[in-house]
Amino acid sequence: MIEARHLRVLRSVAATGSFSAAARELGCTQPAVSQQMKALEHSVGTPLLIRTGREMRLTEAGEALVRHAAGILAGLTAAEEEVAAIAGLRAGRVRLVSFPSGSSTLVPAALAAMRADHPGTRVSLVDAEPPRSVEMLREGECEIALAFRYPAAPRAGGAGGAGGAGDASGAVGAPPLAEWEDLVVRPLLTDRLVGLVPEGHRLAVADRAGIGELAGEPWIAGCPCCRRHLVEICEAAGFTPRIDFATDDYPAVIGLVGAGLGVAVLPELALEAVRPKAVRTVAVEPEVRREVVALTLPDLARVPAVAAVLDRLAHAALR
């Protein structure tokens with residue numbers, strides 16, 4: 001195997017014309033230069049230098065190796081400098097995938113802080129809901145995925161038709177803890193779900209309401225994961241929601257509720273970046289909170305730029 005240190009010695013010998021001159025240039029002893037040249041000739045299996053008295057000249061193989069050495073050593077130097085820049089957060093990139101309400105609330109502050117502290121590190125953003133965002137992380141399409149998961153819903157009948165707290169000892173659709181066991185999970189916040197009703201709705205003036213009080217309403221549902229959890233908590237309260245509209249677009253959900261076309265349950269994070277019009281929020285019982293996390297792979301968690309973005313996401317969540 002050809003080693004970079006041997007190439008550097010060969011190039012110096014070729015440039016200076018002798019082992020002693022090369023040793024002076026490299027800051028080592030003449031025997032050390034001789035040993036490294038012997039090691040290089042052993043590696044390539046052919047002589048590289050012809051020694052005639054005090055003079056030394058390259059063989060045809062030696063000339064070929066010196067010719068390639070310049071490009072090889074230049075490439076290694078460039079690689080070392082690039083890796084050092086990435087390790088020192090002077091360069092590099094981080095690809096981030098986030099669900100929409102996270103993109104509009106947590107991500108902007110985190111990326112602004114990242115750009116201010118490390119302007120040489122580029123961070124890109126793509127929207128995707130879990131579980132697709134988690135798949136993208138495992139498939140190498142990103143370095144960080146913002147995701148969320150819901151707690152287990154109580155068993156059907158536990159909450160009662162009036163929407164009381166009920167017995168949550170049994171579970172429907174328990175959170176997939178094992179699904180993320182191969183990932184580094186950075187908890188960011190818990191996000192409470194709130195009810196959304198039109199301004200003229202009978203519950204618009206209520207501070208809170210049991211989910212069962214909305215049993216006969218038409219519903220507007222969100223992303224597939226949120227939709228599935230909505231069905232679970234409604235069924236636990238003794239009814240199956242009649243979902244008239246389903247959309248991943250939270251402003252569209254709010255607009256449909258404001259137009260009097262139904263009711264909805266949304267995470268509070270989804271309301272932060274939108275100015276709800278013609279709607280009222282109602283605390284829903286039993287209270288449900290989803291866990292919002294940042295996910296990455298164990299090896300990626302040791303990359304300085306990835307760790308820096310994770311830290312800034314956590315700081316943004318605290319704010």
# chains A, B, ... in the order shown; residues from 1 in each chain; ligands from 1
>>> select_by_dssp(residues="segment 2-190 of chain A", states="strand (DSSP E or B)", output="CSV table (one decimal) with N, CA and C atoms, in the first residue's frame")
chain,number,residue,atom,x,y,z
A,49,LEU,N,14.3,4.6,-7.9
A,49,LEU,CA,15.5,5.5,-8.0
A,49,LEU,C,16.7,4.7,-8.5
A,50,ILE,N,17.5,5.3,-9.3
A,50,ILE,CA,18.8,4.8,-9.7
A,50,ILE,C,19.9,5.6,-9.1
A,51,ARG,N,20.8,4.9,-8.3
A,51,ARG,CA,21.8,5.6,-7.6
A,51,ARG,C,23.1,5.4,-8.3
A,52,THR,N,23.7,6.5,-8.8
A,52,THR,CA,25.0,6.4,-9.5
A,52,THR,C,25.9,7.4,-8.8
A,55,GLU,N,25.0,11.0,-7.4
A,55,GLU,CA,23.8,11.4,-8.1
A,55,GLU,C,22.7,10.4,-8.0
A,56,MET,N,21.4,10.8,-8.2
A,56,MET,CA,20.3,10.0,-8.1
A,56,MET,C,19.2,10.4,-9.1
A,57,ARG,N,18.7,9.5,-9.8
A,57,ARG,CA,17.7,9.8,-10.8
A,57,ARG,C,16.6,8.8,-10.7
A,58,LEU,N,15.4,9.3,-11.3
A,58,LEU,CA,14.2,8.4,-11.2
A,58,LEU,C,14.2,7.4,-12.3
A,93,ARG,N,-22.8,20.9,5.6
A,93,ARG,CA,-24.2,21.0,5.4
A,93,ARG,C,-25.0,20.1,6.4
A,94,VAL,N,-26.2,20.5,6.7
A,94,VAL,CA,-27.1,19.6,7.4
A,94,VAL,C,-28.5,19.7,6.7
A,95,ARG,N,-29.0,18.5,6.4
A,95,ARG,CA,-30.3,18.4,5.8
A,95,ARG,C,-31.4,18.1,6.8
A,96,LEU,N,-32.3,19.0,7.0
A,96,LEU,CA,-33.4,18.9,8.0
A,96,LEU,C,-34.7,18.6,7.4
A,97,VAL,N,-35.4,17.6,7.9
A,97,VAL,CA,-36.8,17.4,7.5
A,97,VAL,C,-37.7,17.6,8.7
A,98,SER,N,-38.8,18.3,8.4
A,98,SER,CA,-39.7,18.7,9.5
A,98,SER,C,-41.2,18.7,9.1
A,122,ARG,N,-24.3,25.2,6.0
A,122,ARG,CA,-25.5,25.3,5.3
A,122,ARG,C,-26.5,24.3,5.8
A,123,VAL,N,-27.7,24.8,6.1
A,123,VAL,CA,-28.8,23.9,6.5
A,123,VAL,C,-30.0,24.0,5.5
A,124,SER,N,-30.4,22.9,5.0
A,124,SER,CA,-31.5,22.9,4.1
A,124,SER,C,-32.8,22.3,4.8
A,125,LEU,N,-33.9,22.6,4.3
A,125,LEU,CA,-35.2,22.2,4.9
A,125,LEU,C,-36.2,21.6,3.9
A,126,VAL,N,-36.8,20.5,4.2
A,126,VAL,CA,-37.8,19.9,3.4
A,126,VAL,C,-38.9,19.5,4.4
A,127,ASP,N,-40.2,19.7,4.0
A,127,ASP,CA,-41.3,19.3,4.8
A,127,ASP,C,-41.7,17.8,4.5
A,144,ILE,N,-31.2,15.1,10.1
A,144,ILE,CA,-32.1,15.4,11.3
A,144,ILE,C,-33.6,15.3,10.8
A,145,ALA,N,-34.4,14.6,11.6
A,145,ALA,CA,-35.8,14.6,11.3
A,145,ALA,C,-36.6,15.1,12.5
A,146,LEU,N,-37.4,16.2,12.3
A,146,LEU,CA,-38.3,16.6,13.4
A,146,LEU,C,-39.6,15.7,13.2
A,147,ALA,N,-40.0,15.1,14.3
A,147,ALA,CA,-41.1,14.2,14.3
A,147,ALA,C,-42.0,14.4,15.6
A,148,PHE,N,-43.1,13.7,15.6
A,148,PHE,CA,-43.9,13.7,16.9
A,148,PHE,C,-44.6,12.4,17.0
A,149,ARG,N,-45.0,12.1,18.2
A,149,ARG,CA,-45.8,10.9,18.5
A,149,ARG,C,-46.8,11.2,19.6
A,153,ALA,N,-54.1,6.1,23.4
A,153,ALA,CA,-55.5,6.5,23.7
A,153,ALA,C,-56.1,5.5,24.7
A,172,VAL,N,-55.1,2.0,23.3
A,172,VAL,CA,-55.3,1.7,21.9
A,172,VAL,C,-54.2,2.4,21.1
A,184,VAL,N,-31.2,8.3,17.8
A,184,VAL,CA,-31.0,9.3,18.9
A,184,VAL,C,-32.2,10.2,19.0
A,185,VAL,N,-32.9,10.2,20.1
A,185,VAL,CA,-34.1,10.9,20.3
A,185,VAL,C,-33.8,12.1,21.2
A,186,ARG,N,-34.0,13.3,20.6
A,186,ARG,CA,-33.8,14.6,21.4
A,186,ARG,C,-35.2,15.2,21.7
A,187,PRO,N,-35.7,15.0,22.9
A,187,PRO,CA,-37.0,15.6,23.2
A,187,PRO,C,-37.0,17.1,23.1
A,188,LEU,N,-38.0,17.7,22.5
A,188,LEU,CA,-38.0,19.2,22.4
A,188,LEU,C,-39.1,19.8,23.2
A,189,LEU,N,-40.4,19.3,23.1
A,189,LEU,CA,-41.5,19.9,23.8
A,189,LEU,C,-42.7,18.9,23.8
A,190,THR,N,-43.6,19.2,24.7
A,190,THR,CA,-44.9,18.5,24.5
A,190,THR,C,-45.9,19.5,24.1
>>> residues_around(residues="Asp244 of chain A", least_positions_apart="6", cutoff="7 Å", atoms="only C-alpha atoms", output="list in words")
Pro218, Trp219 and Ile220 of chain A
>>> closest_atom_pairs(of="segment 56-126 of chain A", to="segment 3-12 of chain A", cutoff="12 Å", atoms="only C-alpha atoms", output="tab-separated table")
residue	atom	partner	partner_atom	distance
A:Met56	CA	A:Leu10	CA	11.6
A:Arg57	CA	A:Leu10	CA	11.1
A:Leu58	CA	A:Leu10	CA	9.6
A:Thr59	CA	A:Leu10	CA	11.9
A:Ala61	CA	A:Leu10	CA	11.7
A:Gly62	CA	A:Leu10	CA	8.3
A:Glu63	CA	A:Arg11	CA	9.7
A:Ala64	CA	A:Arg11	CA	11.2
A:Leu65	CA	A:Leu7	CA	8.0
A:Val66	CA	A:Arg11	CA	5.9
A:Arg67	CA	A:Arg11	CA	8.9
A:His68	CA	A:Leu7	CA	9.4
A:Ala69	CA	A:Leu7	CA	6.1
A:Ala70	CA	A:Arg11	CA	8.0
A:Gly71	CA	A:Leu7	CA	10.9
A:Ile72	CA	A:Ala4	CA	8.2
A:Leu73	CA	A:Ala4	CA	6.9
A:Ala74	CA	A:Ala4	CA	10.6
A:Gly75	CA	A:Ala4	CA	10.8
A:Leu76	CA	A:Ala4	CA	8.3
A:Thr77	CA	A:Ala4	CA	10.3
>>> residues_around(residues="Val134 of chain A", least_positions_apart="3", cutoff="8 Å", atoms="only C-alpha atoms", output="list in words")
Pro130, Pro131, Leu137, Arg138, Ala145, Ala147 and Leu295 of chain A
>>> write_last_selection(atoms="all heavy atoms", output="compact mmCIF listing (two decimals), in the first residue's frame")
# COMPACT_ATOMS: atom_id res chain seq x y z
N PRO A 130 -44.14 12.61 9.87
CA PRO A 130 -43.80 11.23 10.22
C PRO A 130 -44.95 10.31 9.82
O PRO A 130 -46.10 10.78 9.79
CB PRO A 130 -43.66 11.30 11.75
CG PRO A 130 -44.45 12.51 12.18
CD PRO A 130 -44.38 13.48 11.02
N PRO A 131 -44.70 9.07 9.44
CA PRO A 131 -43.41 8.37 9.53
C PRO A 131 -42.49 8.58 8.33
O PRO A 131 -41.38 8.06 8.33
CB PRO A 131 -43.85 6.90 9.61
CG PRO A 131 -45.10 6.85 8.80
CD PRO A 131 -45.81 8.16 9.07
N LEU A 137 -34.73 9.80 7.13
CA LEU A 137 -33.52 9.79 7.96
C LEU A 137 -32.79 8.46 7.82
O LEU A 137 -31.56 8.43 7.60
CB LEU A 137 -33.91 10.04 9.43
CG LEU A 137 -32.78 9.93 10.45
CD1 LEU A 137 -31.72 10.99 10.20
CD2 LEU A 137 -33.33 10.06 11.88
N ARG A 138 -33.52 7.37 7.91
CA ARG A 138 -32.89 6.05 7.82
C ARG A 138 -32.35 5.76 6.41
O ARG A 138 -31.40 5.00 6.25
CB ARG A 138 -33.89 4.97 8.21
CG ARG A 138 -34.23 4.95 9.70
CD ARG A 138 -34.88 3.64 10.10
NE ARG A 138 -35.10 3.57 11.53
CZ ARG A 138 -36.27 3.75 12.13
NH1 ARG A 138 -37.33 4.03 11.39
NH2 ARG A 138 -36.39 3.67 13.44
N ALA A 145 -34.42 14.65 11.57
CA ALA A 145 -35.85 14.64 11.28
C ALA A 145 -36.60 15.14 12.51
O ALA A 145 -36.41 14.61 13.60
CB ALA A 145 -36.31 13.23 10.92
N ALA A 147 -40.00 15.15 14.34
CA ALA A 147 -41.15 14.23 14.31
C ALA A 147 -41.95 14.40 15.59
O ALA A 147 -41.57 15.14 16.50
CB ALA A 147 -40.67 12.80 14.15
N LEU A 295 -34.86 13.78 15.71
CA LEU A 295 -34.26 12.45 15.58
C LEU A 295 -33.03 12.52 14.68
O LEU A 295 -33.00 13.26 13.70
CB LEU A 295 -35.26 11.48 14.96
CG LEU A 295 -36.60 11.30 15.67
CD1 LEU A 295 -37.53 10.46 14.82
CD2 LEU A 295 -36.42 10.67 17.04
>>> atom_distance(atom1="atom CA of Pro119 of chain A", atom2="atom CA of Glu139 of chain A")
27.3 Å
